[in-house]
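**Student:** Below you'll find the structure I mean.
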Amino acid sequence: MYAAFAIFSTAPLVASSDKISIAMVAGEVSGDMLAGRMLSGLRPKLPDAHIHGIGGPNMQKHGFSADWPMEKLSVRGLFEVLAHYREIKGIQTALRDKLLAERPAVFVGVDAPDFNFGLEEALKRAGIPTVHFIGPSIWAWRGGRIKKIARSISHMLVVFPFETEIYERAGIPSTYVGHPLAEVIPLQPDSAAARAALKLNATAPVVTIMPGSRMSELKYNTVAFIAAGALLQKRIPGLQLVVPMAGAAQREYFQQLLKGAGLEDVLLHVTDGQSHQALAAADAVLVASGTATLEVALFKKPMVISYKMMRASWEVMRHMGYQPWIGLPNILARDFLVPELLQNAATPQALADALQYQLEDQSNRDMLQRRFSDMHHSLLRNTAEESAQAVLNIVEVHRSGRRLS
């Protein structure tokens with residue numbers, strides 16, 4: 001499904017890769033992971049290319065040069081973004097001007113649509129090809145963005161199979177590349193090995209708590225999530241609570257929030273990173289809505305999905321959805337496979353009750369194991385190679401002077 005690009009040669013461009021510049025922007029931890037996966041397929045084909053922009057450590061492992069730190073863009077929520085608008089807009093303008101002068105062979109925006117689409121529109125209008133990796137959830141909310149996408153994107157890389165039809169109807173070339181998480185996460189996770197690596201009790205139950213990787217997510221989710229875990233520890237003797245942190249800054253802020261809420265004495269196993277081990281080790285997971293919910297499903301773990309945000313943001317955003325679900329596993333299944341407790345419904349008591357059911361109802365656990373295994377197989381592709389090849393096709397067309405169809 002490479003559309004018009006499939007008729008051209010897909011031979012690696014190694015011989016002249018020292019002349020190639022590729023720009024990329026990833027705005028948060030999940031985007032950095034996705035972009036890093038693409039670069040693992042792209043860098044061997046373009047060993048000397050200059051690949052730069054905004055990104056994180058997973059991208060930097062493959063020779064990516066960060067012009068600005070990724071954390072500058074890691075803000076979520078309508079009103080939270082407004083507080084940082086001037087700085088974010090300044091970065092966008094500066095990067096746009098830099099790339100218009102440089103004229104890279106291709107620009108790849110990885111998620112972060114609110115930042116990337118405006119940048120991509122300016123670049124595409126100037127004749128610079130633009131690829132967007134992971135189409136925004138226009139099938140869930142803000143479907144009117146398809147017009148903006150058509151103006152901004154030369155080629156869309158999608159990670160769910162049903163999305164190609166949506167973009168085809170809008171005249172936007174797209175390629176289904178599978179979801180990279182489905183390739184990274186094993187079909188049969190080793191729970192015992194993960195518990196050993198994290199130095200957890202091999203037989204006592206484990207709940208992994210994931211309040212989010214952004215500071216704004218930690219701000220609104222941490223207290224309710226940990227308070228729920230504390231209630232469960234009172235009900236279930238020996239229950240172990242594992243909380244993976246995305247970085248040192250997040251961990252420090254997390255600890256501040258616990259202290260402010262009087263929860264600093266809750267027995268927690270807080271890890272630096274190691275989120276996949278924390279998921280593999282878990283019997284159930286309490287997770288903030290977002291890409292992490294799909295990770296939990298691919299680890300075949302029962303879960304409770306929750307999310308809290310600034311009240312004003314919630315009042316606006318709760319009326320903008322097209323579907324009754326917000327969690328990716330439920331959206332893909334088109335059913336409430338797992339509970340979603342949002343905003344005012346996300347009380348410690350309600351979260352603890354829902355988690356206890358996920359821990360103790362064996363028929364529910366068996367059903368989720370089957371459904372999540374099917375989901376994993378449906379999303380499994382060689383994402384690194386397929387996404388890299390789609391970018392290479394566009395680079396070759398651009399360098400040959402041919403117009404993109």
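So you can find residues: chains in the structure tokens are A, B, ... in the order shown, residues in each start at 1, and ligands are numbered from 1 in order.
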For Leu328 of chain A, find every residue with an atom within 10 Å (counting only C-alpha atoms), except residues of its own chain fewer than 6 positions away, and show them as a CSV table (one decimal) with N, CA and C atoms, in the first residue's frame.

**Tutor:**
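Wrote out-v8.csv, looks like this:
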```csv
chain,number,residue,atom,x,y,z
A,289,SER,N,-5.1,6.8,30.6
A,289,SER,CA,-5.5,6.6,29.2
A,289,SER,C,-4.4,7.2,28.3
A,290,GLY,N,-4.2,6.4,27.2
A,290,GLY,CA,-3.1,6.8,26.2
A,290,GLY,C,-2.5,5.6,25.7
A,291,THR,N,-1.3,5.7,25.0
A,291,THR,CA,-0.6,4.6,24.4
A,291,THR,C,-0.4,3.5,25.4
A,292,ALA,N,-0.1,3.8,26.7
A,292,ALA,CA,0.2,2.8,27.7
A,292,ALA,C,-0.9,1.8,27.8
A,293,THR,N,-2.2,2.1,27.5
A,293,THR,CA,-3.3,1.2,27.6
A,293,THR,C,-3.1,0.0,26.6
A,294,LEU,N,-2.6,0.4,25.4
A,294,LEU,CA,-2.3,-0.6,24.4
A,294,LEU,C,-1.1,-1.5,24.9
A,295,GLU,N,-0.1,-0.9,25.5
A,295,GLU,CA,1.0,-1.7,26.0
A,295,GLU,C,0.5,-2.8,27.0
A,297,ALA,N,-2.5,-4.1,27.2
A,297,ALA,CA,-3.2,-5.1,26.4
A,297,ALA,C,-2.3,-6.1,25.8
A,305,ILE,N,-8.6,1.5,33.2
A,305,ILE,CA,-8.2,2.7,32.6
A,305,ILE,C,-8.8,3.9,33.3
A,334,ARG,N,-14.1,-2.4,20.2
A,334,ARG,CA,-15.4,-1.8,20.1
A,334,ARG,C,-16.3,-2.4,21.1
```

**Student:** Check which residues of segment 323-397 of chain A sit at most 12 Å from segment 117-141 of chain A using only C-alpha atoms, and return one row each with the closest pair of atoms and their distance in Å to one decimal, ordered by chain and rising number, as a tab-separated table.

**Tutor:**
```
residue	atom	partner	partner_atom	distance
A:Gln323	CA	A:Ala140	CA	5.8
A:Pro324	CA	A:Ala140	CA	9.0
A:Trp325	CA	A:Ala140	CA	8.5
A:Ile326	CA	A:Ala140	CA	8.0
A:Gly327	CA	A:Ala140	CA	10.5
A:Leu328	CA	A:Ser137	CA	10.1
A:Asn330	CA	A:Ala140	CA	11.7
A:Ile331	CA	A:Ala140	CA	8.4
A:Leu332	CA	A:Ala140	CA	11.0
A:Arg334	CA	A:Ala140	CA	11.4
A:Thr383	CA	A:Phe133	CA	11.0
A:Ala384	CA	A:Phe133	CA	11.6
A:Glu386	CA	A:Phe133	CA	11.6
A:Ser387	CA	A:Phe133	CA	8.2
A:Ala388	CA	A:Phe133	CA	10.6
A:Gln389	CA	A:Val131	CA	12.0
A:Ala390	CA	A:Val131	CA	8.9
A:Val391	CA	A:Val131	CA	7.3
A:Leu392	CA	A:Val131	CA	10.8
A:Asn393	CA	A:Pro129	CA	11.1
A:Ile394	CA	A:Pro129	CA	7.3
A:Val395	CA	A:Pro129	CA	8.1
A:Glu396	CA	A:Pro129	CA	10.9
A:Val397	CA	A:Pro129	CA	9.5
```

**Student:** Take the residues from that selection and write them out as a tab-separated table (two decimals), in the first residue's frame, keeping C-alpha atoms.

**Tutor:**
```tsv
chain	number	residue	atom	x	y	z
A	323	GLN	CA	-17.21	6.94	20.58
A	324	PRO	CA	-18.15	5.71	24.06
A	325	TRP	CA	-14.59	4.53	24.76
A	326	ILE	CA	-11.30	6.36	25.36
A	327	GLY	CA	-8.95	3.42	25.98
A	328	LEU	CA	-7.25	1.94	22.92
A	330	ASN	CA	-11.73	-0.86	24.12
A	331	ILE	CA	-11.68	1.17	20.90
A	332	LEU	CA	-10.03	-1.66	18.98
A	334	ARG	CA	-15.42	-1.81	20.05
A	383	THR	CA	7.11	-1.85	11.66
A	384	ALA	CA	10.73	-0.73	11.66
A	386	GLU	CA	7.95	-0.93	6.68
A	387	SER	CA	7.95	2.59	8.14
A	388	ALA	CA	11.60	3.12	7.12
A	389	GLN	CA	10.89	1.92	3.58
A	390	ALA	CA	7.94	4.28	3.22
A	391	VAL	CA	10.21	7.19	4.18
A	392	LEU	CA	12.95	6.00	1.82
A	393	ASN	CA	10.48	5.83	-1.07
A	394	ILE	CA	9.54	9.46	-0.49
A	395	VAL	CA	13.17	10.55	-0.14
A	396	GLU	CA	14.00	8.88	-3.45
A	397	VAL	CA	11.09	10.54	-5.24
```

**Student:** Which residue gives the smallest distance to Gln356 of chain A among A:Glu102, A:Asp114, A:Asp283, A:Glu183, with only C-alpha atoms counted?

**Tutor:**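 Ranking A:Glu102, A:Asp114, A:Asp283, A:Glu183 by distance to Gln356 of chain A, first place goes to A:Asp283.
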
**Student:** Any idea what's packed within 9 Å of segment 339-347 of chain A, counting only C-alpha atoms, ignoring anything in its chain fewer than 2 positions away? Could you give it as a VMD selection string?

**Tutor:** chain A and resid 221 224 to 225 227 to 228 289 303 to 309 311 314 325 to 327 330 336 to 337 349 to 352 354

**Student:** Only N, CA and C atoms, please: the residues just picked out, written as a PDB file, in the first residue's frame.

**Tutor:**
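Everything below was put into result.pdb:
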```
ATOM      1  N   ASN A 221      -3.372  12.559  38.257  1.00  0.00           N
ATOM      2  CA  ASN A 221      -3.667  11.135  38.454  1.00  0.00           C
ATOM      3  C   ASN A 221      -3.019  10.516  39.679  1.00  0.00           C
ATOM      4  N   ALA A 224      -5.050   9.938  43.346  1.00  0.00           N
ATOM      5  CA  ALA A 224      -6.145   8.960  43.285  1.00  0.00           C
ATOM      6  C   ALA A 224      -5.620   7.558  43.012  1.00  0.00           C
ATOM      7  N   PHE A 225      -4.632   7.441  42.117  1.00  0.00           N
ATOM      8  CA  PHE A 225      -4.095   6.130  41.768  1.00  0.00           C
ATOM      9  C   PHE A 225      -3.413   5.472  42.970  1.00  0.00           C
ATOM     10  N   ALA A 227      -3.720   6.277  46.173  1.00  0.00           N
ATOM     11  CA  ALA A 227      -4.689   6.048  47.248  1.00  0.00           C
ATOM     12  C   ALA A 227      -5.486   4.774  46.994  1.00  0.00           C
ATOM     13  N   ALA A 228      -5.809   4.509  45.729  1.00  0.00           N
ATOM     14  CA  ALA A 228      -6.488   3.253  45.384  1.00  0.00           C
ATOM     15  C   ALA A 228      -5.603   2.059  45.704  1.00  0.00           C
ATOM     16  N   SER A 289      -5.137   6.778  30.603  1.00  0.00           N
ATOM     17  CA  SER A 289      -5.500   6.635  29.195  1.00  0.00           C
ATOM     18  C   SER A 289      -4.395   7.159  28.294  1.00  0.00           C
ATOM     19  N   MET A 303      -6.859  -4.772  33.279  1.00  0.00           N
ATOM     20  CA  MET A 303      -6.527  -3.385  33.623  1.00  0.00           C
ATOM     21  C   MET A 303      -7.763  -2.595  33.963  1.00  0.00           C
ATOM     22  N   VAL A 304      -7.522  -1.471  34.602  1.00  0.00           N
ATOM     23  CA  VAL A 304      -8.507  -0.414  34.779  1.00  0.00           C
ATOM     24  C   VAL A 304      -7.900   0.830  34.153  1.00  0.00           C
ATOM     25  N   ILE A 305      -8.646   1.457  33.234  1.00  0.00           N
ATOM     26  CA  ILE A 305      -8.189   2.672  32.575  1.00  0.00           C
ATOM     27  C   ILE A 305      -8.821   3.867  33.274  1.00  0.00           C
ATOM     28  N   SER A 306      -8.009   4.871  33.544  1.00  0.00           N
ATOM     29  CA  SER A 306      -8.523   6.054  34.217  1.00  0.00           C
ATOM     30  C   SER A 306      -7.838   7.290  33.673  1.00  0.00           C
ATOM     31  N   TYR A 307      -8.436   8.436  33.951  1.00  0.00           N
ATOM     32  CA  TYR A 307      -7.799   9.691  33.555  1.00  0.00           C
ATOM     33  C   TYR A 307      -8.477  10.845  34.269  1.00  0.00           C
ATOM     34  N   LYS A 308      -7.647  11.767  34.749  1.00  0.00           N
ATOM     35  CA  LYS A 308      -8.127  13.007  35.352  1.00  0.00           C
ATOM     36  C   LYS A 308      -7.336  14.150  34.729  1.00  0.00           C
ATOM     37  N   MET A 309      -7.965  15.303  34.614  1.00  0.00           N
ATOM     38  CA  MET A 309      -7.280  16.475  34.068  1.00  0.00           C
ATOM     39  C   MET A 309      -7.882  17.729  34.687  1.00  0.00           C
ATOM     40  N   ARG A 311     -10.172  20.669  35.410  1.00  0.00           N
ATOM     41  CA  ARG A 311     -11.632  20.623  35.244  1.00  0.00           C
ATOM     42  C   ARG A 311     -12.086  21.339  33.975  1.00  0.00           C
ATOM     43  N   TRP A 314     -11.474  19.212  30.972  1.00  0.00           N
ATOM     44  CA  TRP A 314     -12.418  18.101  30.941  1.00  0.00           C
ATOM     45  C   TRP A 314     -13.780  18.540  30.423  1.00  0.00           C
ATOM     46  N   TRP A 325     -15.815   5.000  24.098  1.00  0.00           N
ATOM     47  CA  TRP A 325     -14.595   4.528  24.758  1.00  0.00           C
ATOM     48  C   TRP A 325     -13.459   5.540  24.576  1.00  0.00           C
ATOM     49  N   ILE A 326     -12.518   5.550  25.521  1.00  0.00           N
ATOM     50  CA  ILE A 326     -11.303   6.359  25.356  1.00  0.00           C
ATOM     51  C   ILE A 326     -10.053   5.485  25.336  1.00  0.00           C
ATOM     52  N   GLY A 327     -10.109   4.297  25.929  1.00  0.00           N
ATOM     53  CA  GLY A 327      -8.946   3.416  25.977  1.00  0.00           C
ATOM     54  C   GLY A 327      -8.759   2.670  24.668  1.00  0.00           C
ATOM     55  N   ASN A 330     -10.279  -0.884  24.293  1.00  0.00           N
ATOM     56  CA  ASN A 330     -11.727  -0.857  24.118  1.00  0.00           C
ATOM     57  C   ASN A 330     -12.120  -0.347  22.736  1.00  0.00           C
ATOM     58  N   PHE A 336     -16.548  -2.481  25.849  1.00  0.00           N
ATOM     59  CA  PHE A 336     -15.909  -2.192  27.131  1.00  0.00           C
ATOM     60  C   PHE A 336     -15.295  -3.473  27.678  1.00  0.00           C
ATOM     61  N   LEU A 337     -14.171  -3.870  27.091  1.00  0.00           N
ATOM     62  CA  LEU A 337     -13.457  -5.035  27.604  1.00  0.00           C
ATOM     63  C   LEU A 337     -12.974  -4.793  29.026  1.00  0.00           C
ATOM     64  N   GLN A 349     -11.792   4.820  45.951  1.00  0.00           N
ATOM     65  CA  GLN A 349     -12.651   3.672  46.252  1.00  0.00           C
ATOM     66  C   GLN A 349     -13.084   2.961  44.976  1.00  0.00           C
ATOM     67  N   ALA A 350     -13.537   3.723  43.983  1.00  0.00           N
ATOM     68  CA  ALA A 350     -14.007   3.118  42.733  1.00  0.00           C
ATOM     69  C   ALA A 350     -12.862   2.435  41.988  1.00  0.00           C
ATOM     70  N   LEU A 351     -11.704   3.053  41.974  1.00  0.00           N
ATOM     71  CA  LEU A 351     -10.550   2.455  41.312  1.00  0.00           C
ATOM     72  C   LEU A 351     -10.132   1.171  42.010  1.00  0.00           C
ATOM     73  N   ALA A 352     -10.119   1.191  43.328  1.00  0.00           N
ATOM     74  CA  ALA A 352      -9.732  -0.010  44.080  1.00  0.00           C
ATOM     75  C   ALA A 352     -10.721  -1.152  43.840  1.00  0.00           C
ATOM     76  N   ALA A 354     -12.654  -1.644  41.201  1.00  0.00           N
ATOM     77  CA  ALA A 354     -12.501  -2.149  39.832  1.00  0.00           C
ATOM     78  C   ALA A 354     -11.240  -2.981  39.690  1.00  0.00           C
TER      79      ALA A 354
END
```

**Student:** What does the structure give for the distance between atom CA of Glu252 of chain A and atom CA of Ser275 of chain A, in Å to one decimal?

**Tutor:** 17.0 Å

**Student:** Select from segment 35-171 of chain A everything DSSP, run on the backbone, classes as strand (DSSP E), then give the selection as a ChimeraX atom specification.

**Tutor:** /A:50-55,65-69,106-110,130-133,155-158

**Student:** Could you find all residues in segment 121-188 of chain A that DSSP calls helix (DSSP H, G or I) from the backbone, and write them as number ranges by chain?

**Tutor:** A: 121-125, 145-152, 163-169, 180-184

**Student:** If we count only C-alpha atoms and set the cut-off at 6 Å, which residues sit around segment 157-163 of chain A, ignoring sequence neighbours fewer than 3 positions away in its own chain? Please answer as a PDB file with C-alpha atoms, in the first residue's frame.

**Tutor:**
```
ATOM      1  CA  PHE A 133       3.809   8.616  11.777  1.00  0.00           C
ATOM      2  CA  ILE A 134       0.604   7.611  13.563  1.00  0.00           C
ATOM      3  CA  GLY A 135      -2.502   9.312  12.329  1.00  0.00           C
ATOM      4  CA  ILE A 166     -10.297   6.737   6.275  1.00  0.00           C
ATOM      5  CA  SER A 174      -1.239   6.065   3.623  1.00  0.00           C
ATOM      6  CA  THR A 175       0.594   2.900   4.601  1.00  0.00           C
ATOM      7  CA  TYR A 176      -0.385   0.491   7.367  1.00  0.00           C
ATOM      8  CA  VAL A 177       2.874  -0.396   9.109  1.00  0.00           C
ATOM      9  CA  GLY A 178       1.494  -2.270  12.107  1.00  0.00           C
ATOM     10  CA  HIS A 179       1.977  -1.036  15.645  1.00  0.00           C
TER      11      HIS A 179
END
```
